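Q: Following this line is model-v6.txt, made up of compact mmCIF, C-alpha atoms and all ligand atoms:
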# COMPACT_ATOMS: atom_id res chain seq x y z
CA MET A 1022 16.56 -22.65 19.03
CA GLU A 1023 14.65 -20.50 16.59
CA TYR A 1024 14.63 -16.80 17.20
CA GLN A 1025 11.18 -15.83 18.48
CA LEU A 1026 9.73 -12.66 17.05
CA ILE A 1027 8.17 -10.46 19.66
CA ILE A 1028 7.05 -7.72 17.33
CA HIS A 1029 5.11 -8.00 14.12
CA PRO A 1030 5.12 -4.62 12.44
CA ARG A 1031 2.28 -3.73 10.15
CA ILE A 1032 3.85 -3.42 6.73
CA ARG A 1033 2.02 -1.57 3.98
CA ILE A 1034 2.93 -0.91 0.36
CA ASP A 1035 1.26 2.05 -1.32
CA ASP A 1036 0.49 2.94 -4.95
CA VAL A 1037 -0.08 -0.67 -5.94
CA LEU A 1038 -1.50 -0.90 -9.50
CA GLN A 1039 -1.26 2.84 -9.99
CA SER A 1040 -1.42 3.62 -13.70
CA THR A 1041 -2.20 7.34 -13.93
CA ARG A 1042 -1.26 10.60 -12.14
CA PHE A 1043 2.38 9.80 -11.52
CA SER A 1044 4.78 12.10 -9.67
CA SER A 1045 7.99 13.26 -11.35
CA SER A 1046 10.05 10.91 -9.15
CA GLN A 1047 7.87 7.99 -10.17
CA LEU A 1048 8.23 8.86 -13.86
CA GLU A 1049 11.99 9.04 -13.36
CA ALA A 1050 11.98 5.57 -11.70
CA PHE A 1051 9.85 4.10 -14.51
CA LYS A 1052 12.51 4.98 -17.09
CA THR A 1053 14.49 1.98 -15.82
CA MET A 1054 11.70 -0.44 -14.80
CA SER A 1055 7.94 -0.68 -15.16
CA PRO A 1056 5.75 -0.16 -12.07
CA PHE A 1057 5.04 -3.91 -11.98
CA GLU A 1058 8.76 -4.77 -12.13
CA TRP A 1059 9.45 -2.33 -9.28
CA PHE A 1060 6.65 -3.90 -7.30
CA LYS A 1061 8.03 -7.41 -7.77
CA LEU A 1062 11.46 -6.27 -6.65
CA GLY A 1063 10.02 -4.41 -3.64
CA SER A 1064 7.89 -7.32 -2.47
CA GLU A 1065 10.65 -9.91 -2.84
CA GLY A 1066 11.04 -11.81 0.43
CA TRP A 1067 7.66 -10.65 1.71
CA GLN A 1068 5.56 -13.37 0.11
CA ASP A 1069 4.78 -15.09 3.43
CA TYR A 1070 4.24 -11.92 5.47
CA PRO A 1071 0.75 -10.43 5.91
CA ILE A 1072 1.50 -7.15 4.17
CA ILE A 1073 -1.21 -4.65 3.31
CA LEU A 1074 -1.35 -3.55 -0.31
CA ALA A 1075 -2.96 -0.13 -0.76
CA VAL A 1076 -4.39 -0.42 -4.27
CA ILE A 1077 -5.25 2.29 -6.80
CA ALA A 1078 -8.38 0.88 -8.43
CA ASP A 1079 -8.16 2.51 -11.85
CA GLY A 1080 -5.08 0.44 -12.73
CA ILE A 1081 -6.78 -2.94 -12.29
CA ASP A 1082 -8.02 -3.38 -15.86
CA SER A 1083 -4.74 -2.36 -17.47
CA ASN A 1084 -2.58 -4.66 -15.31
CA PRO A 1085 -4.05 -8.19 -15.38
CA GLU A 1086 -0.62 -9.82 -14.88
CA TRP A 1087 0.01 -7.71 -11.80
CA VAL A 1088 -3.40 -8.63 -10.34
CA LYS A 1089 -2.71 -12.31 -11.01
CA TYR A 1090 0.72 -12.05 -9.36
CA ILE A 1091 -0.74 -10.54 -6.16
CA LYS A 1092 -3.35 -13.30 -5.96
CA ASN A 1093 -0.53 -15.88 -5.79
CA PHE A 1094 0.15 -14.81 -2.21
CA PRO A 1095 -2.81 -15.53 0.04
CA LYS A 1096 -1.34 -13.76 3.08
CA TRP A 1097 -1.41 -10.41 1.30
CA ARG A 1098 -4.38 -8.17 2.06
CA VAL A 1099 -5.63 -5.58 -0.40
CA GLU A 1100 -7.13 -2.30 0.78
CA CYS A 1101 -8.11 0.96 -0.95
CA HIS A 1102 -5.74 3.83 -1.79
CA GLY A 1103 -8.37 5.56 -3.96
CA TRP A 1104 -9.95 5.23 -7.38
CA ASP A 1105 -7.08 7.32 -8.69
CA HIS A 1106 -4.15 8.97 -6.93
CA ARG A 1107 -5.60 12.35 -6.06
CA ASP A 1108 -5.92 14.67 -3.08
CA TYR A 1109 -9.37 13.66 -1.86
CA ARG A 1110 -9.59 16.75 0.37
CA LYS A 1111 -10.07 18.75 -2.82
CA THR A 1112 -12.79 16.47 -4.17
CA SER A 1113 -16.39 17.13 -3.12
CA ILE A 1114 -17.89 14.75 -0.57
CA GLU A 1115 -20.40 13.53 -3.14
CA GLU A 1116 -17.78 12.80 -5.83
CA GLY A 1117 -15.35 11.32 -3.28
CA VAL A 1118 -17.99 8.90 -1.98
CA GLU A 1119 -18.81 7.86 -5.54
CA LEU A 1120 -15.12 7.26 -6.38
CA LEU A 1121 -14.38 5.34 -3.17
CA LYS A 1122 -17.47 3.16 -3.52
CA ARG A 1123 -16.49 2.37 -7.10
CA ALA A 1124 -12.91 1.63 -5.97
CA LYS A 1125 -14.06 -0.66 -3.14
CA ASP A 1126 -16.30 -2.66 -5.50
CA LYS A 1127 -13.64 -2.89 -8.19
CA ILE A 1128 -10.89 -4.07 -5.79
CA GLU A 1129 -13.19 -6.58 -4.06
CA HIS A 1130 -14.28 -8.04 -7.37
CA ALA A 1131 -10.74 -8.26 -8.81
CA PHE A 1132 -9.18 -9.87 -5.72
CA ASP A 1133 -12.08 -11.78 -4.13
CA GLN A 1134 -11.36 -10.07 -0.82
CA GLU A 1135 -13.37 -7.74 1.34
CA VAL A 1136 -12.00 -4.18 1.36
CA LYS A 1137 -12.47 -2.32 4.64
CA GLU A 1138 -9.89 0.46 4.77
CA PHE A 1139 -9.02 3.65 2.91
CA TYR A 1140 -5.45 4.96 3.01
CA PRO A 1141 -5.66 8.47 1.53
CA PRO A 1142 -2.93 9.35 -1.01
CA TRP A 1143 0.02 11.21 0.57
CA MET A 1144 -1.90 10.74 3.86
CA ARG A 1145 -3.67 13.99 3.01
CA HIS A 1146 -6.75 13.76 5.17
CA SER A 1147 -9.40 16.06 6.60
CA GLU A 1148 -13.01 16.03 7.76
CA VAL A 1149 -13.92 15.74 4.06
CA THR A 1150 -11.91 12.54 3.46
CA LYS A 1151 -13.19 11.09 6.73
CA LYS A 1152 -16.78 11.68 5.65
CA GLN A 1153 -16.13 10.29 2.16
CA SER A 1154 -14.69 7.08 3.66
CA GLU A 1155 -17.52 6.63 6.13
CA LEU A 1156 -20.20 7.09 3.49
CA ALA A 1157 -18.42 4.68 1.16
CA GLY A 1158 -18.34 2.02 3.89
CA LEU A 1159 -14.59 2.28 4.54
CA LYS A 1160 -12.50 3.06 7.62
CA GLU A 1161 -10.02 5.85 6.97
CA VAL A 1162 -6.59 4.85 8.27
CA ILE A 1163 -3.86 7.41 8.90
CA GLU A 1164 -0.52 5.97 9.94
CA ASP A 1165 2.73 7.59 10.84
CA ASN A 1166 5.41 6.82 8.28
CA ILE A 1167 8.67 7.57 10.04
CA PRO A 1168 11.17 4.95 8.81
CA ASN A 1169 12.37 2.53 11.48
CA ARG A 1170 10.10 4.01 14.08
CA TRP A 1171 8.87 0.50 14.86
CA LEU A 1172 12.32 -0.44 16.16
CA LEU A 1173 11.91 2.10 18.96
CA ASP A 1174 8.20 1.91 19.46
CA THR A 1175 6.81 -0.69 21.83
CA ASN A 1176 3.19 0.04 20.99
CA THR A 1177 1.93 -0.73 17.51
CA PRO A 1178 4.82 -0.76 15.12
CA HIS A 1179 4.14 -0.15 11.47
CA PHE A 1180 5.93 0.85 8.33
CA TYR A 1181 4.88 1.87 4.89
CA PHE A 1182 6.65 1.89 1.56
CA HIS A 1183 6.46 3.01 -1.99
CA TYR A 1184 8.02 0.18 -3.96
CA TRP A 1185 9.28 2.32 -6.82
CA SER A 1186 12.30 4.00 -5.28
CA LYS A 1187 15.71 2.45 -4.62
CA LEU A 1188 15.71 3.87 -1.09
CA HIS A 1189 12.44 2.20 -0.16
CA ILE A 1190 13.44 -1.10 -1.80
CA ASP A 1191 16.61 -1.08 0.35
CA GLN A 1192 14.62 -0.30 3.51
CA MET A 1193 12.22 -3.14 2.75
CA GLU A 1194 15.12 -5.55 2.29
CA ASN A 1195 16.73 -4.44 5.55
CA ILE A 1196 13.56 -4.89 7.57
CA CYS A 1197 12.91 -8.22 5.90
CA HIS A 1198 16.37 -9.42 6.95
CA LEU A 1199 15.89 -8.23 10.52
CA LEU A 1200 12.58 -10.05 10.81
CA GLN A 1201 14.04 -13.28 9.50
CA GLU A 1202 17.28 -13.12 11.45
CA LYS A 1203 18.28 -16.26 13.31
CA PRO A 1204 20.75 -16.36 16.23
ZN ZN B 1301 0.26 6.94 -2.71
Go ahead and express the file in the form of structure tokens.
Ligand SMILES: [Zn+2]

A:
Amino acid sequence: MEYQLIIHPRIRIDDVLQSTRFSSSQLEAFKTMSPFEWFKLGSEGWQDYPIILAVIADGIDSNPEWVKYIKNFPKWRVECHGWDHRDYRKTSIEEGVELLKRAKDKIEHAFDQEVKEFYPPWMRHSEVTKKQSELAGLKEVIEDNIPNRWLLDTNTPHFYFHYWSKLHIDQMENICHLLQEKP
């Protein structure tokens, strides 16, 4: 008998296609592998799972291979993580709306998918980011990111990753194994 899954955690990967404004830990990680190579490693085993990819729109033009790779997996859903990786609380409402609208259009055009959600970078959110999202036609989504919380939580389990650190790659692999475990 096949093991029946009773929970289907929402899995999200952030910083997809990011090409500017890197943190020091990202720059350290990129000394050994490119962002795209990290992404491929992090998404290994997840090709048939409906993961959410939170995309940074300003990296689309400079990463055509990465875009093409993502489009190979029809279960993956792309959503918006910003035009660039900034703290949108510190951007004016007017400029934020402009950037998010541009990001939504760019992502939709590149992936032939409708983009409905905005996941603010570092989950830094406020009334300003909420307003920016609304006016750009996006739903702002703030999700708790405590690792393995979904194992204890009987409500809506979810998990999010950055693909570019060894720790997160290991966590993704572990969860992937648990989900695919057979008796
Ligand atoms: Zn991010």

Q: Go through A:Gln1153, A:Ala1124, A:Cys1197, A:Phe1182 one by one, measure the shortest atom-to-atom distance of each to ligand ZN 1301 (chain B) using all atoms listed in the file, and give the residue with the smallest value.

A: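 Closest to ligand ZN 1301 (chain B), using all atoms listed in the file: A:Phe1182.
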
Q: Pick out the closest residue to ligand ZN 1301 (chain B) from this set: A:Leu1062, A:Leu1120, A:Met1144, A:Ile1081. Count only C-alpha atoms and all ligand atoms.

A: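 Checking each of A:Leu1062, A:Leu1120, A:Met1144, A:Ile1081 against ligand ZN 1301 (chain B), counting only C-alpha atoms and all ligand atoms, the winner is A:Met1144.
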
Q: Taking all atoms listed in the file into account, which of A:Glu1086, A:Glu1135, A:Glu1049, A:Asp1036 comes nearest Lys1187 (chain A)?

A: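 Smallest distance to Lys1187 (chain A) is found for A:Glu1049.
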
Q: Enumerate as a list of chain:residue names the residues within 9 Å of ligand ZN 1301 (chain B), counting only C-alpha atoms and all ligand atoms.

A: A:Ile1034, A:Asp1035, A:Asp1036, A:Val1037, A:Gln1039, A:Ala1075, A:Val1076, A:Ile1077, A:His1102, A:Gly1103, A:His1106, A:Arg1107, A:Tyr1140, A:Pro1141, A:Pro1142, A:Trp1143, A:Met1144, A:His1183

Q: Pick the closest to Ser1113 (chain A) from A:Lys1052, A:Lys1160, A:Lys1152, A:His1029: which is it, counting only C-alpha atoms?

A: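 Ranked by minimum distance to Ser1113 (chain A), first place goes to A:Lys1152.
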
Q: May I have the residues within 10 Å of Ser1046 (chain A) as a short mmCIF file (atom, residue, chain, number, x, y, z; two decimals) with C-alpha atoms, in the coordinates of the input, using only C-alpha atoms and disregarding those fewer than 3 positions away in the same chain?

A:
data_model
loop_
_atom_site.label_atom_id
_atom_site.label_comp_id
_atom_site.auth_asym_id
_atom_site.auth_seq_id
_atom_site.Cartn_x
_atom_site.Cartn_y
_atom_site.Cartn_z
CA PHE A 1043 2.38 9.80 -11.52
CA GLU A 1049 11.99 9.04 -13.36
CA ALA A 1050 11.98 5.57 -11.70
CA PHE A 1051 9.85 4.10 -14.51
CA TRP A 1185 9.28 2.32 -6.82
CA SER A 1186 12.30 4.00 -5.28
#

Q: Calculated over all atoms listed in the file, which of the candidates A:Glu1138, A:Leu1038, A:Asn1195, A:Glu1058 has the smallest distance to Asp1082 (chain A)?

A: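 Result for the nearest residue to Asp1082 (chain A): A:Leu1038.
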
Q: Just the number, please: distance in Å from CA of Tyr1184 (chain A) to CA of Gly1063 (chain A), one decimal.

A: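 CA of Gly1063 (chain A) lies at a distance of 5.0 Å from CA of Tyr1184 (chain A).
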